[in-house]
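Structure file input-v5.txt; described as compact mmCIF, C-alpha atoms.
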# COMPACT_ATOMS: atom_id res chain seq x y z
CA MET R 1 39.91 -7.22 -94.66
CA ASP R 2 37.37 -6.44 -91.98
CA THR R 3 35.53 -9.66 -92.78
CA LEU R 4 38.52 -11.72 -91.65
CA VAL R 5 38.11 -10.88 -88.00
CA ASP R 6 34.62 -11.38 -86.65
CA THR R 7 34.85 -11.12 -82.91
CA SER R 8 31.16 -11.71 -82.24
CA PRO R 9 30.37 -14.25 -79.54
CA GLY R 10 29.38 -16.94 -82.05
CA THR R 11 32.73 -17.19 -83.81
CA GLY R 12 35.30 -15.87 -81.37
CA VAL R 13 38.92 -15.00 -81.57
CA THR R 14 40.01 -18.53 -82.45
CA ALA R 15 37.91 -18.61 -85.62
CA ALA R 16 39.17 -15.17 -86.63
CA LEU R 17 42.79 -16.23 -86.14
CA ARG R 18 42.20 -19.43 -88.10
CA ARG R 19 40.89 -17.49 -91.10
CA LEU R 20 43.78 -15.05 -90.88
CA TYR R 21 46.33 -17.86 -90.60
CA PHE R 22 44.85 -19.70 -93.61
CA LEU R 23 45.05 -16.46 -95.62
CA ARG R 24 48.66 -15.94 -94.54
CA PHE R 25 49.54 -19.49 -95.63
CA ALA R 26 47.97 -19.02 -99.07
CA PHE R 27 49.66 -15.66 -99.57
CA ALA R 28 53.06 -17.00 -98.49
CA ALA R 29 52.80 -19.98 -100.83
CA VAL R 30 51.93 -17.87 -103.87
CA TRP R 31 54.45 -15.16 -102.98
CA ALA R 32 57.25 -17.70 -102.46
CA GLY R 33 56.56 -19.30 -105.83
CA LEU R 34 56.67 -15.96 -107.60
CA LEU R 35 59.84 -14.83 -105.83
CA PHE R 36 61.57 -18.15 -106.38
CA ALA R 37 60.92 -17.83 -110.12
CA THR R 38 62.77 -14.48 -110.13
CA ALA R 39 65.29 -15.15 -107.34
CA ASP R 40 68.52 -14.86 -109.32
CA SER R 41 68.25 -11.16 -110.03
CA LEU R 42 66.52 -8.04 -108.85
CA THR R 43 63.89 -7.17 -111.39
CA PRO R 44 60.96 -4.80 -111.09
CA LEU R 45 58.77 -7.83 -110.31
CA SER R 46 61.04 -9.23 -107.60
CA GLY R 47 61.51 -5.73 -106.17
CA ALA R 48 57.76 -5.25 -105.98
CA LEU R 49 57.33 -8.68 -104.38
CA LEU R 50 59.94 -7.83 -101.76
CA VAL R 51 58.09 -4.68 -100.75
CA ILE R 52 54.65 -6.32 -100.86
CA TYR R 53 55.53 -9.07 -98.36
CA PRO R 54 56.14 -6.87 -95.29
CA LEU R 55 53.22 -4.64 -96.27
CA PHE R 56 50.97 -7.71 -96.33
CA ASP R 57 52.39 -8.69 -92.95
CA MET R 58 51.61 -5.19 -91.69
CA ALA R 59 48.01 -5.44 -92.92
CA CYS R 60 47.57 -8.86 -91.30
CA ALA R 61 48.90 -7.55 -88.00
CA ALA R 62 46.45 -4.65 -88.21
CA VAL R 63 43.59 -7.10 -88.70
CA ASP R 64 44.96 -9.23 -85.89
CA VAL R 65 44.86 -6.24 -83.52
CA ARG R 66 41.07 -6.33 -83.66
CA SER R 67 40.89 -9.90 -82.41
CA ALA R 68 43.59 -9.26 -79.83
CA LYS R 69 41.67 -6.24 -78.47
CA ALA R 70 38.50 -8.31 -78.19
CA ASP R 71 40.38 -11.00 -76.29
CA GLY R 72 42.73 -8.89 -74.20
CA GLY R 73 45.60 -10.31 -76.23
CA PRO R 74 49.07 -9.06 -77.18
CA VAL R 75 48.04 -5.75 -78.79
CA ARG R 76 51.28 -3.99 -77.87
CA HIS R 77 53.36 -6.62 -79.67
CA LEU R 78 51.12 -6.47 -82.73
CA TYR R 79 51.53 -2.70 -82.93
CA LEU R 80 55.29 -3.23 -82.78
CA ASN R 81 54.99 -5.73 -85.64
CA ILE R 82 53.02 -3.18 -87.68
CA ALA R 83 55.76 -0.59 -87.20
CA LEU R 84 58.55 -3.06 -88.01
CA SER R 85 56.80 -4.23 -91.17
CA ALA R 86 56.13 -0.68 -92.37
CA LEU R 87 59.77 0.29 -91.84
CA THR R 88 60.89 -2.88 -93.58
CA GLY R 89 58.72 -2.13 -96.62
CA VAL R 90 60.42 1.25 -96.96
CA GLY R 91 63.83 -0.27 -96.25
CA LEU R 92 63.37 -2.94 -98.90
CA ALA R 93 62.28 -0.39 -101.50
CA VAL R 94 65.53 1.48 -100.88
CA ALA R 95 67.66 -1.68 -100.62
CA ALA R 96 66.30 -3.04 -103.89
CA THR R 97 68.04 -0.18 -105.69
CA SER R 98 71.39 -1.31 -104.22
CA GLY R 99 71.29 -5.02 -104.99
CA ILE R 100 70.57 -8.41 -103.51
CA PRO R 101 73.08 -8.16 -100.61
CA ALA R 102 71.38 -4.98 -99.35
CA VAL R 103 67.99 -6.68 -99.60
CA LEU R 104 69.25 -9.69 -97.65
CA ARG R 105 70.59 -7.43 -94.90
CA VAL R 106 67.31 -5.52 -94.52
CA TRP R 107 65.28 -8.75 -94.67
CA GLY R 108 67.63 -10.33 -92.13
CA VAL R 109 67.13 -7.53 -89.61
CA TRP R 110 63.38 -7.77 -90.13
CA ALA R 111 63.37 -11.56 -89.74
CA VAL R 112 65.23 -11.32 -86.44
CA THR R 113 63.04 -8.58 -84.96
CA ALA R 114 59.73 -9.88 -86.35
CA GLY R 115 60.67 -13.39 -85.20
CA ILE R 116 61.13 -12.19 -81.64
CA VAL R 117 57.76 -10.41 -81.78
CA GLN R 118 56.07 -13.51 -83.24
CA LEU R 119 57.54 -15.63 -80.48
CA LEU R 120 56.19 -13.21 -77.85
CA VAL R 121 52.72 -13.10 -79.46
CA GLY R 122 52.59 -16.91 -79.69
CA ALA R 123 53.63 -17.25 -76.06
CA ALA R 124 50.98 -14.73 -74.99
CA ARG R 125 48.33 -16.72 -76.89
CA ARG R 126 49.27 -20.17 -75.59
CA ARG R 127 45.90 -20.60 -73.89
CA LEU R 128 44.16 -20.47 -77.30
CA GLY R 129 45.99 -23.61 -78.38
CA GLY R 130 47.83 -24.15 -81.64
CA GLN R 131 50.47 -21.58 -80.81
CA TRP R 132 53.47 -23.85 -80.52
CA ALA R 133 53.88 -23.48 -84.30
CA MET R 134 53.94 -19.68 -83.97
CA ILE R 135 56.47 -19.89 -81.15
CA ALA R 136 58.70 -22.23 -83.18
CA SER R 137 58.29 -20.06 -86.27
CA GLY R 138 59.37 -16.99 -84.31
CA GLY R 139 62.48 -18.75 -83.09
CA ILE R 140 63.34 -20.06 -86.55
CA SER R 141 62.74 -16.62 -88.06
CA THR R 142 65.25 -15.12 -85.66
CA LEU R 143 67.89 -17.68 -86.67
CA ALA R 144 67.04 -17.33 -90.36
CA GLY R 145 67.45 -13.57 -90.14
CA ALA R 146 71.02 -14.02 -88.97
CA SER R 147 71.68 -16.40 -91.88
CA PHE R 148 70.30 -13.88 -94.41
CA PHE R 149 72.69 -11.30 -93.05
CA ALA R 150 75.56 -13.79 -93.47
CA GLN R 151 74.44 -14.71 -97.02
CA ALA R 152 74.58 -11.05 -98.00
CA GLY R 153 78.38 -11.20 -97.84
CA LYS R 154 78.69 -14.10 -100.28
CA ASP R 155 79.37 -13.71 -103.99
CA ASP R 156 76.41 -15.85 -105.05
CA ALA R 157 73.77 -14.07 -102.95
CA SER R 158 70.27 -14.94 -104.13
CA LEU R 159 66.72 -14.16 -103.15
CA GLY R 160 65.85 -17.87 -103.24
CA SER R 161 66.38 -18.29 -99.51
CA LEU R 162 63.76 -15.60 -98.87
CA ALA R 163 61.24 -17.60 -100.89
CA GLY R 164 61.99 -20.69 -98.81
CA TYR R 165 61.74 -18.67 -95.61
CA ALA R 166 58.34 -17.28 -96.58
CA PHE R 167 57.02 -20.69 -97.60
CA LEU R 168 58.17 -22.29 -94.35
CA GLY R 169 56.55 -19.44 -92.43
CA GLY R 170 53.35 -20.11 -94.36
CA ILE R 171 53.50 -23.78 -93.36
CA PHE R 172 53.74 -22.73 -89.72
CA PHE R 173 50.65 -20.54 -90.16
CA LEU R 174 48.82 -23.50 -91.74
CA VAL R 175 49.80 -25.81 -88.88
CA SER R 176 48.70 -23.24 -86.33
CA ALA R 177 45.36 -22.73 -88.12
CA LEU R 178 44.72 -26.48 -88.11
CA ARG R 179 45.73 -26.79 -84.45
CA LEU R 180 43.48 -23.86 -83.50
CA GLY R 181 40.58 -25.71 -85.14
CA ARG R 182 41.34 -28.83 -83.16
CA ALA R 183 41.65 -26.83 -79.92
CA ALA R 184 38.31 -25.10 -80.59
CA ARG R 185 36.56 -28.46 -81.14
CA HIS R 186 37.92 -29.81 -77.87
CA ALA R 187 37.03 -26.70 -75.87

Starting from the file, give its structure as structure tokens.
Amino acid sequence: MDTLVDTSPGTGVTAALRRLYFLRFAFAAVWAGLLFATADSLTPLSGALLVIYPLFDMACAAVDVRSAKADGGPVRHLYLNIALSALTGVGLAVAATSGIPAVLRVWGVWAVTAGIVQLLVGAARRRLGGQWAMIASGGISTLAGASFFAQAGKDDASLGSLAGYAFLGGIFFLVSALRLGRAARHA
């Protein structure tokens, strides 16, 4: 993943974030499709997908730290995101053995906490442009997390809402990537 973040003077932090955001969109779209296809039950495939998502998020945050360090950006918040995502991966592996409601509860807590962190990172990066989508996504993630927790108590709990959540998050990364490109052209 080192090739995703080139912080040399010719490309800059904005270009590195754009590439990372495009990758995150593509991953979220594929992941959401796969999870949606298996959303009605916890299978080995859906269990693996559930664990992979926060681990991918953790890896992306680790890559993002490099660009943030080069730019004096929100490194502290990104390290927090790495820790939250690692804990969530472990939590989801355990929760998957207990059923969909347990998974929704763990995912809900992660969505709330990661949403707050994403909102803070987006706000800290406002000057780069294109961050309104990240700020909105963080706020929506926080609200969605609460709804996942509520869904866990229902008889028809499904993983389908997690697929929709991930896809919408991917759309926000795509929008931000496109806006970053526009901001870079106008700078």

Rounded to one decimal in Å, what is the spacing between atom CA of Leu55 of chain R and atom CA of Trp107 of chain R?
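Computing the Euclidean distance for atom CA of Leu55 of chain R and atom CA of Trp107 of chain R yields 12.8 Å.
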
Given only C-alpha atoms as the counted atoms, nearest of R:Leu159, R:Ala15, R:Leu143, R:Ala123 to Ala32 of chain R
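Using only C-alpha atoms, the shortest distance to Ala32 of chain R belongs to R:Leu159.
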
What is the distance between atom CA of Leu174 of chain R and atom CA of Ala26 of chain R, in Å to one decimal?
8.6 Å

Enter the distance from atom CA of Ala59 of chain R to atom CA of Ala157 of chain R, in Å, rounded to one decimal.
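One can read the atom CA of Ala59 of chain R to atom CA of Ala157 of chain R distance as 29.0 Å.
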
Between R:Asn81, R:Ser67, R:Thr88, R:Ser161, which one has atoms that come closest to Asp40 of chain R, using only C-alpha atoms?
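For Asp40 of chain R, the nearest of the candidates is R:Ser161.
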
Padded axis-aligned box of segment 140-158 of chain R (5 Å per side), centre and edge lengths, Å, one decimal, as AutoDock Vina command-line options:
--center_x 71.1 --center_y -15.6 --center_z -95.4 --size_x 26.6 --size_y 19.0 --size_z 29.4

Rank R:Leu119, R:Leu20, R:Thr142, R:Leu104 by their smallest atom-to-atom distance to Asp64 of chain R, using all atoms listed in the file, and report the top residue only.
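Among the listed residues, R:Leu20 lies closest to Asp64 of chain R.
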
Find the residues near Gly47 of chain R: any atom within 9 Å, counting only C-alpha atoms, skip ones fewer than 6 places away on the same chain, and give them as a PyMOL selection string.
chain R and resi 92-93+96-97

Please produce a file of those selected residues containing C-alpha atoms, as a PDB file, in the coordinates of the input.
ATOM      1  CA  LEU R  92      63.370  -2.940 -98.900  1.00  0.00           C
ATOM      2  CA  ALA R  93      62.280  -0.390-101.500  1.00  0.00           C
ATOM      3  CA  ALA R  96      66.300  -3.040-103.890  1.00  0.00           C
ATOM      4  CA  THR R  97      68.040  -0.180-105.690  1.00  0.00           C
TER       5      THR R  97
END

I'd like the neighbourhood of Val121 of chain R as number ranges by chain, where a residue qualifies if any of its atoms comes within 9 Å (using all atoms listed in the file), though same-chain residues fewer than 3 positions away should be ignored.
R: 73-75, 77-78, 116-118, 124-126, 131, 134-135

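Taking all atoms listed in the file into account, the polymer residues that have an atom no farther than 12 Å from (51.5, -26.6, -91.2) are Tyr21, Phe22, Arg24, Phe25, Ala26, Ala29, Gly130, Gln131, Trp132, Ala133, Met134, Ala136, Ser137, Phe167, Leu168, Gly169, Gly170, Ile171, Phe172, Phe173, Leu174, Val175, Ser176, Ala177, Leu178, Arg179 and Leu180 of chain R.
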
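Distance check against Gly108 of chain R using all atoms listed in the file: of R:Gly145, R:Gly72, R:Pro54, R:Gly91, the minimum falls on R:Gly145.
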
May I have the residues at most 12 Å from (50.6, -6.1, -95.2) in the file's coordinates, counting only C-alpha atoms, as a ChimeraX atom specification?
/R:1,23-24,27-28,49-64,81-89

Under the rule that all atoms listed in the file are counted, which of R:Ile140, R:Ile100, R:Val112, R:Leu80 is the nearest residue to Asp155 of chain R?
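Ranked by minimum distance to Asp155 of chain R, first place goes to R:Ile100.
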
For a quick check of understanding, using all atoms listed in the file, which of R:Val90, R:Val30, R:Leu128, R:Ala144 has the smallest distance to Val109 of chain R?
R:Ala144
